[in-house]
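The structure under discussion appears below in the form of structure tokens.
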Amino acid sequence: ETGVTQSPTHLIKTRGQQVTLRCSSQSGHNTVSWYQQALGQGPQFIFQYYREEENGRGNFPPRFSGLQFPNYSSELNVNALELDDSALYLCASSLFSGGVGIFGPGTRLTVL
Amino acid sequence: QQQVKQSPQSLIVQKGGISIINCAYENTAFDYFPWYQQFPGKGPALLIAIRPDVSEKKEGRFTISFNKSAKQFSLHIMDSQPGDSATYFCAASRRGSQGNLIFGKGTKLSVKP
């Protein structure tokens with residue numbers, strides 16, 4: 001097992017820019033969920049991808065979008081960045097049929 | 001609306017003591033209750049999880065106690081060690097929706113040697 005990996009580790013952007021974050025799921029897992037964790041807070045669910053389609057979404061605006069690829073890896077895209085988008089972005093992979101979500105180390109995004 | 005409320009916000013325990021963190025939930029549709037441990041700069045790591053058909057689950061020094069009627073669950077860390085110093089999150093999810101975890105705000109635990 002390689003675990004869940006995310007790239008990049010850190011990223012600095014300016015307000016209004018766009019960003020793409022990447023996640024490789026754990027071997028054997030077919031579902032990826034993305035979370036936003038603001039400093040000092042618990043992670044908040046953004047959305048989940050299964051079979052390359054969005055399968056559930058939290059309270060995030062449409063400028064947060066994603067993709068899942070045939071190898072189950074995933075991207076999170078955020079357009080028109082705002083200062084409040086500064087956070088640790090986590091992805092978690094799991095089996096759609098159930099089971100534990102395994103989190104990656106996260107990408108720290110800073111918006112200036 | 002905060003669906004999972006966690007307390008305390010921070011906790012200081014002496015080495016060898018018992019750390020207790022409490023969570024309460026509102027949605028009776030929740031049926032999966034994990035606890036995660038997070039070290040600075042790292043992603044959350046699953047510690048232990050429980051389903052509402054049991055009242056207690058123990059794994060090593062970690063125990064979850066679950067009270068379905070009160071809609072509360074708690075994490076007990078026995079013989080707490082300095083290496084346990086981290087932030088702990090409780091979470092909950094609905095059946096068939098385990099990828100959508102609702103997290104508490106976290107408890108920062110410091111274990112003093």
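In the structure tokens, chains take letters A, B, ... by order of appearance, with residues numbered from 1 within each chain and ligands from 1 in the order shown.
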At most 7 Å to chain A: residues in chain B, only C-alpha atoms, as a short mmCIF file (atom, residue, chain, number, x, y, z; two decimals) with N, CA, C and O atoms, in the first residue's frame:
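The result, written out as result27.cif:
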data_model
loop_
_atom_site.label_atom_id
_atom_site.label_comp_id
_atom_site.auth_asym_id
_atom_site.auth_seq_id
_atom_site.Cartn_x
_atom_site.Cartn_y
_atom_site.Cartn_z
N LYS B 42 0.18 17.34 9.36
CA LYS B 42 -0.19 16.02 8.84
C LYS B 42 -1.70 15.95 8.61
O LYS B 42 -2.47 16.73 9.17
N GLY B 43 -2.12 14.98 7.81
CA GLY B 43 -3.54 14.72 7.65
C GLY B 43 -4.07 13.92 8.83
O GLY B 43 -3.30 13.29 9.56
N PRO B 44 -5.37 13.94 9.05
CA PRO B 44 -5.96 13.15 10.14
C PRO B 44 -5.74 11.66 9.91
O PRO B 44 -5.82 11.19 8.77
N ALA B 45 -5.49 10.94 10.98
CA ALA B 45 -5.31 9.48 10.91
C ALA B 45 -6.37 8.82 11.78
O ALA B 45 -6.59 9.23 12.92
N PHE B 89 -10.14 14.69 16.65
CA PHE B 89 -11.42 15.06 16.06
C PHE B 89 -12.37 13.88 16.14
O PHE B 89 -12.02 12.76 15.77
N GLY B 96 -24.08 4.67 4.08
CA GLY B 96 -23.91 4.83 2.64
C GLY B 96 -23.24 6.13 2.25
O GLY B 96 -23.10 6.44 1.09
N GLN B 98 -20.19 7.32 3.92
CA GLN B 98 -19.04 7.41 4.81
C GLN B 98 -17.97 8.35 4.30
O GLN B 98 -17.10 8.76 5.06
N GLY B 99 -18.01 8.67 3.01
CA GLY B 99 -17.04 9.62 2.51
C GLY B 99 -17.35 11.03 2.93
O GLY B 99 -16.49 11.91 2.87
N ASN B 100 -18.57 11.28 3.38
CA ASN B 100 -18.99 12.60 3.82
C ASN B 100 -19.01 12.63 5.34
O ASN B 100 -20.03 12.36 5.97
N LEU B 101 -17.85 12.89 5.91
CA LEU B 101 -17.72 12.93 7.35
C LEU B 101 -17.99 14.34 7.86
O LEU B 101 -17.49 15.32 7.30
N ILE B 102 -18.79 14.43 8.93
CA ILE B 102 -19.03 15.70 9.61
C ILE B 102 -18.14 15.69 10.84
O ILE B 102 -18.29 14.85 11.72
N PHE B 103 -17.20 16.63 10.89
CA PHE B 103 -16.22 16.67 11.97
C PHE B 103 -16.60 17.64 13.07
O PHE B 103 -17.25 18.67 12.83
N GLY B 104 -16.18 17.31 14.28
CA GLY B 104 -16.20 18.28 15.37
C GLY B 104 -15.08 19.28 15.17
O GLY B 104 -14.26 19.14 14.25
N LYS B 105 -14.99 20.26 16.05
CA LYS B 105 -14.00 21.32 15.90
C LYS B 105 -12.63 20.93 16.43
O LYS B 105 -11.67 21.68 16.24
N GLY B 106 -12.54 19.80 17.12
CA GLY B 106 -11.24 19.33 17.56
C GLY B 106 -10.93 19.64 19.01
O GLY B 106 -11.44 20.60 19.59
#
Which residues are near Ser24 of chain A? Cut-off 7 Å, only C-alpha atoms, ignore same chain within fewer than 2 positions. Put them as an mmCIF file with N, CA and C atoms, in the first residue's frame.
data_model
loop_
_atom_site.group_PDB
_atom_site.id
_atom_site.type_symbol
_atom_site.label_atom_id
_atom_site.label_comp_id
_atom_site.auth_asym_id
_atom_site.auth_seq_id
_atom_site.Cartn_x
_atom_site.Cartn_y
_atom_site.Cartn_z
ATOM 1 N N VAL A 4 -2.329 7.475 0.606
ATOM 2 C CA VAL A 4 -2.870 8.586 -0.167
ATOM 3 C C VAL A 4 -1.800 9.675 -0.284
ATOM 4 N N THR A 5 -1.543 10.108 -1.486
ATOM 5 C CA THR A 5 -0.557 11.168 -1.687
ATOM 6 C C THR A 5 -1.225 12.391 -2.293
ATOM 7 N N GLN A 6 -0.700 13.555 -1.957
ATOM 8 C CA GLN A 6 -1.243 14.811 -2.469
ATOM 9 C C GLN A 6 -0.100 15.703 -2.945
ATOM 10 N N ARG A 22 -3.908 18.019 -6.470
ATOM 11 C CA ARG A 22 -3.985 16.648 -6.945
ATOM 12 C C ARG A 22 -3.911 15.637 -5.812
ATOM 13 N N GLN A 26 -5.397 5.600 -2.330
ATOM 14 C CA GLN A 26 -4.730 4.379 -1.899
ATOM 15 C C GLN A 26 -5.107 3.245 -2.850
ATOM 16 N N SER A 73 -7.470 8.559 -9.280
ATOM 17 C CA SER A 73 -6.877 9.783 -8.760
ATOM 18 C C SER A 73 -7.842 10.937 -9.007
ATOM 19 N N SER A 74 -7.580 12.059 -8.362
ATOM 20 C CA SER A 74 -8.554 13.145 -8.413
ATOM 21 C C SER A 74 -7.869 14.499 -8.387
#
- request: May I have all residues of chain B that DSSP, computed from the backbone, assigns to strand (DSSP E or B), given as JSON, numbers by chain?
  value: {"B": [4, 5, 6, 7, 10, 11, 12, 13, 14, 19, 20, 21, 22, 23, 24, 25, 30, 31, 32, 33, 34, 35, 36, 37, 38, 45, 46, 47, 48, 49, 50, 56, 57, 58, 59, 62, 63, 64, 65, 66, 67, 72, 73, 74, 75, 76, 77, 86, 87, 88, 89, 90, 91, 92, 93, 94, 102, 103, 107, 108, 109, 110, 111, 112]}
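Atom pair atom CA of Ser27 of chain A / atom CA of Ala91 of chain B: separated by 24.1 Å.
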task: Calculate how many Å separate atom CA of Pro113 of chain B from atom CA of Ser10 of chain B, rounding to one decimal.
output: 17.0 Å
message: Just the number, please: distance in Å from atom CA of His29 of chain A to atom CA of Arg94 of chain B, one decimal.
response: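 Those two atoms sit 19.3 Å apart.
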Spatial neighbours of segment 78-87 of chain A, max dist 8 Å, only C-alpha atoms, sep filter under 2 positions, as a PyMOL selection string: chain A and resi 13-20+36-39+63-65+76+89+108-112
message: Set the distance at 12 Å and use only C-alpha atoms: which residues neighbour Lys58 of chain B once local chain neighbours fewer than 2 positions away are removed? I'd like the list as a ChimeraX atom specification.
response: /B:47-50,54-56,60-66,74-78
